[in-house]
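Some notes on the structure that comes next.
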There are 2 protein chains.
Amino acid sequence: MNASNITFSLRLPEHKLPEGPFWLKQKQKFHLETYTTVLGSKIPNLEIGYETYGKLNSDKSNAILICHYFSGSSNAAGKYTPEDIEPGYWDTIIGPNKAIDTNKFFVISSDILCNINAYDPNIITTGPMSMNPETQKIYGPDFPMTTPEDLVHVQKKLVESFGIKKLYCVAGPSLGAMQSLQWAATFPDFVDRIIPVIGAGLETPPLVVAALDFWAEPIYLDPKWNLGYYEKQQGPDVGFKLALRVLTHQALSPAWAESVGGRGFRLKDPSQNMNAHFYVQDALMYIARLRFRFLDPLHYLRVIKMAQIFSIRNKVKNLKAKILMISCSSDLLMLPEYSKQSFEELKTLNKDVQYFEIAGRGGHMDGIFSIEKASDVIRDFLI
Amino acid sequence: MNASNITFSLRLPEHKLPEGPFWLKQKQKFHLETYTTVLGSKIPNLEIGYETYGKLNSDKSNAILICHYFSGSSNAAGKYTPEDIEPGYWDTIIGPNKAIDTNKFFVISSDILCNINAYDPNIITTGPMSMNPETQKIYGPDFPMTTPEDLVHVQKKLVESFGIKKLYCVAGPSLGAMQSLQWAATFPDFVDRIIPVIGAGLETPPLVVAALDFWAEPIYLDPKWNLGYYEKQQGPDVGFKLALRVLTHQALSPAWAESVGGRGFRLKDPSQNMNAHFYVQDALMYIARLRFRFLDPLHYLRVIKMAQIFSIRNKVKNLKAKILMISCSSDLLMLPEYSKQSFEELKTLNKDVQYFEIAGRGGHMDGIFSIEKASDVIRDFLI
């Protein structure tokens with residue numbers, strides 16, 4: 001008997017699973033003949049996946065774009081099949097009569113460029129593991145550098161494909177918060193409102209930039225890394241699993257660490273055995289193993305780089321959108337103080353900005369699992 | 001020109017260097033013919049270094065033991081030579097007329113067993129890189145497992161070598177806080193007071209146990225690790241430097257990350273170049289390089305393990321010492337909430353316990369660099 005017989009969850013007891021009924025939805029594909037990156041590289045046959053909830057009204061004025069978090073996807077609400085264990089990550093706030101009311105709004109949720117879940121059959125993305133039509137080989141590490149601006153440029157082309165001229169709102173958690181702010185900075189006349197949730201304000205704070213290095217660099221120590229030249233699903237697995245544990249740990253909280261058994265253990269007492277583990281250690285290994293198989297290291301490293309360089313500081317004067325900034329009280333990665341500082345800075349610049357803090361014990365993950373606590377403030381903001 | 005031309009400091013501008021005059025001191029060596037570990041292994045010729053400040057009074061009732069932090073040493077106050085750049089780490093509170101007043105108290109400060117600075121000429125320690133007299137080879141990974149209890153058992157023998165029958169106080173930051181609590185739990189009749197600073201209360205919290213894995217595991221990914229069988233100073237350097245960056249990062253704070261230049265950069269803009277770095281990234285690499293050369297990975301891994309397993313929970317009812325628990329408001333590793341929880345728990349058990357929080361922006365490091373902010377409360381506690 002070993003730890004692989006146990007299951008561990010990222011949820012706390014108070015993080016209730018969304019209750020149905022759930023709608024069933026279909027993943028769609030958006031295709032661009034050629035996309036030219038902000039830094040000037042051409043990417044032919046760019047594809048990203050997306051899904052929609054609700055109906056676009058006749059004057060196309062009711063569209064809301066949802067941008068996903070680091071390891072997320074377009075799967076923001078509803079299910080693909082009745083057998084799906086969970087609905088999309090923000091199902092508690094997206095749906096009929098919910099905070100983002102699909103009786104009123106047309107919601108578009110898209111995968112990003114370089115989505116890290118490269119091998120997940122439900123994800124459609126273009127990135128390092130895509131085929132380069134010119135060479136008929138995967139790009140690998142030679143895939144062009146992309147930036148947070150590229151993420152929103154590609155999304156804008158998707159949104160425009162519906163004939164939409166202006167978004168009612170852009171919202172998203174974590175990396176999705178960065179995208180929503182990037183939208184407001186890059187296309188100030190195209191977006192009326194943004195809801196950045198568990199972001200860190202106007203730019204990724206330096207301490208977070210440094211933390212993100214540790215999500216990345218265990219990969220480089222793995223002999224299978226080979227500077228990024230590896231075949232699909234043959235990449236650096238040992239270094240990647242350690243990297244995923246580091247990332248997962250930063251999104252969690254003291255209460256989570258207790259909830260999975262904390263300093264409890266099976267069989268051998270870690271206090272008396274060099275190689276025995278407490279449950280909290282087993283839990284992070286378990287979660288990394290579970291997440292690992294659908295993820296690609298090169299895609300993952302590209303998204304880390306985009307998160308590190310995110311900054312709209314030099315564009316902040318352009319901002320026109322109304323802003324609702326939401327943070328979580330126990331977040332140890334995107335500390336509430338980061339959002340508060342940006343909130344104060346935006347107020348000083350006379351921007352229309354509100355701040356709301358979700359009280360909870362779940363750390364960064366509360367921005368997903370406890371988002372329903374912000375339902376009222378989101379509902380009011382969208383009126 | 002590159003980042004190696006710049007120097008980066010762990011201090012914030014408000015962390016003032018201690019001002020002299022400094023006394024000059026000599027490192028002493030304590031030797032044990034044989035030490036038997038708590039788990040039953042024999043270590044022959046055990047040696048640890050120590051130093052003393054002030055004078056032991058005639059009834060030997062004025063001795064205070066200082067226990068060092070993870071990467072520290074006995075060097076708690078004063079200088080070894082006038083040329084030393086800085087005095088010991090707590091010089092601002094240890095000295096004539098300071099909070100721990102060496103006109104009144106006799107202070108003993110010791111290196112721990114398995115001190116991580118195995119190659120520092122100022123450190124005397126026994127650990128994996130020591131010679132096993134039986135084999136005439138270094139122990140390497142075969143050095144016996146040691147526990148936090150062993151740290152204090154060895155210190156007790158040092159203290160008793162002075163004829164001391166009771167300690168007036170045991171104090172220390174971080175790992176030193178754990179040792180002070182371990183002292184009070186293991187030898188309740190031998191210690192009157194303890195001052196655990198930037199510890200985490202009665203045991204290492206599970207979230208910290210997990211974090212400590214990430215201080216360790218990059219080492220295992222380095223091909224030079226070789227399961228710990230390597231020659232002195234020929235160990236896993238690349239993995240170890242990454243490990244040291246992870247550790248250093250967790251002891252710091254948002255204000256520190258800004259203070260070293262934050263998102264500034266030299267020459268190449270990281271926002272437009274895959275391999276360029278922000279100053280905050282350079283700073284952590286610089287500091288890891290500086291610290292690296294005196295440290296040994298096996299010693300380091302042993303101290304991590306001891307920090308992970310620390311717990312006096314099952315001995316808490318034995319505690320007799322008066323306790324002054326000190327935490328730092330911006331500490332992101334040993335969150336103030338951990339100390340507060342233990343403080344409440346000890347109060348419930350009718351223990352004589354006080355809690356003080358150092359307000360500051362320096363994170364965990366404030367327990368070293370801003371300890372003078374606790375001078376008054378420490379002085380009062382020692383009356």
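Chain identifiers are assigned as A, B, and so on, following the order in which chains appear in the structure tokens; residues are numbered from 1 within each chain, and ligands are numbered from 1 in order of appearance.
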Could you find all residues in range 111-261 of chain A that DSSP calls strand (DSSP E or B) from the backbone, and write them as a ChimeraX atom specification? /A:131-132,137-138,167,169-173,191,193-197,203
Which of range 70-309 of chain B counts as alpha helix (DSSP H) under DSSP, as a ChimeraX atom specification please? /B:148-160,175-186,206-216,218-221,237-250,254-259,279-292,297-309
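Closest to chain B among A:Gly201, A:Gly264, A:Pro96, A:Pro173 is A:Gly264, based on only C-alpha atoms.
For chain A, the residues no farther than 7 Å from chain B when using only C-alpha atoms are Met145, Pro206, Leu207, Ala210, Phe214, Pro218, Leu221, Asp222, Gly239, Val246, Ser253, Pro254, Ala257, Glu258, Gly262, Arg263, Pro270, Ser271, Met274, Val280, Gln281 and Ile309 of chain A.
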For Ile164 in chain A, work out the shell of residues within 7 Å, counting only C-alpha atoms and skipping chain neighbours fewer than 3 positions away, then give it as a short mmCIF file (atom, residue, chain, number, x, y, z; two decimals) with all heavy atoms, in the first residue's frame.
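Written output follows (part_29.cif):
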```cif
data_model
loop_
_atom_site.label_atom_id
_atom_site.label_comp_id
_atom_site.auth_asym_id
_atom_site.auth_seq_id
_atom_site.Cartn_x
_atom_site.Cartn_y
_atom_site.Cartn_z
N LYS A 60 -25.40 43.02 -31.12
CA LYS A 60 -24.08 42.46 -30.74
C LYS A 60 -23.40 43.25 -29.63
O LYS A 60 -22.19 43.47 -29.65
CB LYS A 60 -23.19 42.36 -31.98
CG LYS A 60 -23.85 41.52 -33.07
CD LYS A 60 -22.97 41.24 -34.24
CE LYS A 60 -23.70 40.27 -35.19
NZ LYS A 60 -22.98 39.88 -36.37
N VAL A 159 -13.18 37.30 -31.49
CA VAL A 159 -14.36 38.09 -31.13
C VAL A 159 -14.93 38.80 -32.36
O VAL A 159 -16.15 38.81 -32.60
CB VAL A 159 -14.00 39.11 -30.02
CG1 VAL A 159 -15.12 40.11 -29.81
CG2 VAL A 159 -13.67 38.37 -28.71
N GLU A 160 -14.05 39.37 -33.17
CA GLU A 160 -14.50 40.08 -34.37
C GLU A 160 -15.13 39.15 -35.39
O GLU A 160 -15.95 39.58 -36.20
CB GLU A 160 -13.31 40.83 -35.00
CG GLU A 160 -12.95 42.08 -34.19
CD GLU A 160 -11.68 42.76 -34.68
OE1 GLU A 160 -10.84 42.09 -35.31
OE2 GLU A 160 -11.53 43.97 -34.42
#
```
Applying 8 Å and only C-alpha atoms, which residues near Lys27 in chain A remain after dropping the ones on its own chain fewer than 4 positions away? List them as a PDB file with C-alpha atoms, in the first residue's frame.
```
ATOM      1  CA  GLY A  49     -10.414  26.513 -29.283  1.00  0.00           C
ATOM      2  CA  TYR A  50     -13.407  28.323 -27.831  1.00  0.00           C
ATOM      3  CA  GLU A  51     -16.945  27.808 -26.605  1.00  0.00           C
ATOM      4  CA  TYR A  80     -18.743  18.600 -22.703  1.00  0.00           C
ATOM      5  CA  ASN A 122     -10.411  18.995 -25.295  1.00  0.00           C
TER       6      ASN A 122
END
```
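For the atom pair formed by CA of Lys25 in chain A and CA of Gln233 in chain A, the distance is 28.3 Å, given to one decimal.
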I'd like the neighbourhood of Pro188 in chain B as a CSV table (one decimal) with C-alpha atoms, in the first residue's frame, where a residue qualifies if any of its atoms comes within 12 Å (using only C-alpha atoms), though same-chain residues fewer than 3 positions away should be ignored.
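Once everything was written out, this is selection.csv:
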```
chain,number,residue,atom,x,y,z
B,166,LYS,CA,20.1,25.7,34.2
B,167,LEU,CA,19.8,28.2,31.3
B,169,CYS,CA,17.1,31.7,28.4
B,170,VAL,CA,17.4,30.0,25.0
B,180,SER,CA,14.5,27.0,21.5
B,181,LEU,CA,11.1,25.3,21.6
B,182,GLN,CA,12.8,21.9,21.4
B,183,TRP,CA,14.9,22.9,24.4
B,184,ALA,CA,11.9,23.8,26.5
B,185,ALA,CA,10.1,20.6,25.5
B,191,VAL,CA,15.5,26.3,30.8
B,192,ASP,CA,13.7,29.2,32.4
B,193,ARG,CA,12.8,31.2,29.3
B,194,ILE,CA,12.7,30.9,25.6
B,312,ILE,CA,6.9,19.4,20.0
B,315,LYS,CA,5.4,17.3,24.5
B,316,VAL,CA,3.6,20.6,24.8
B,317,LYS,CA,2.1,19.7,28.2
B,318,ASN,CA,5.6,19.4,29.6
B,319,LEU,CA,6.6,23.0,28.8
B,320,LYS,CA,7.5,25.0,31.9
B,321,ALA,CA,9.6,27.9,30.4
B,322,LYS,CA,8.2,31.4,30.0
```
Can you tell me how far CA of Val303 in chain A sits from CA of Asp150 in chain A, in Å to one decimal? 11.6 Å
Mind checking which residues fall within 7 Å of Ala118 in chain A, counting only C-alpha atoms, ignoring those fewer than 5 positions away in the same chain, and posting them as a ChimeraX atom specification? /A:123,294-296
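One finds CA of Leu298 in chain A at 8.8 Å from CA of Gly235 in chain A.
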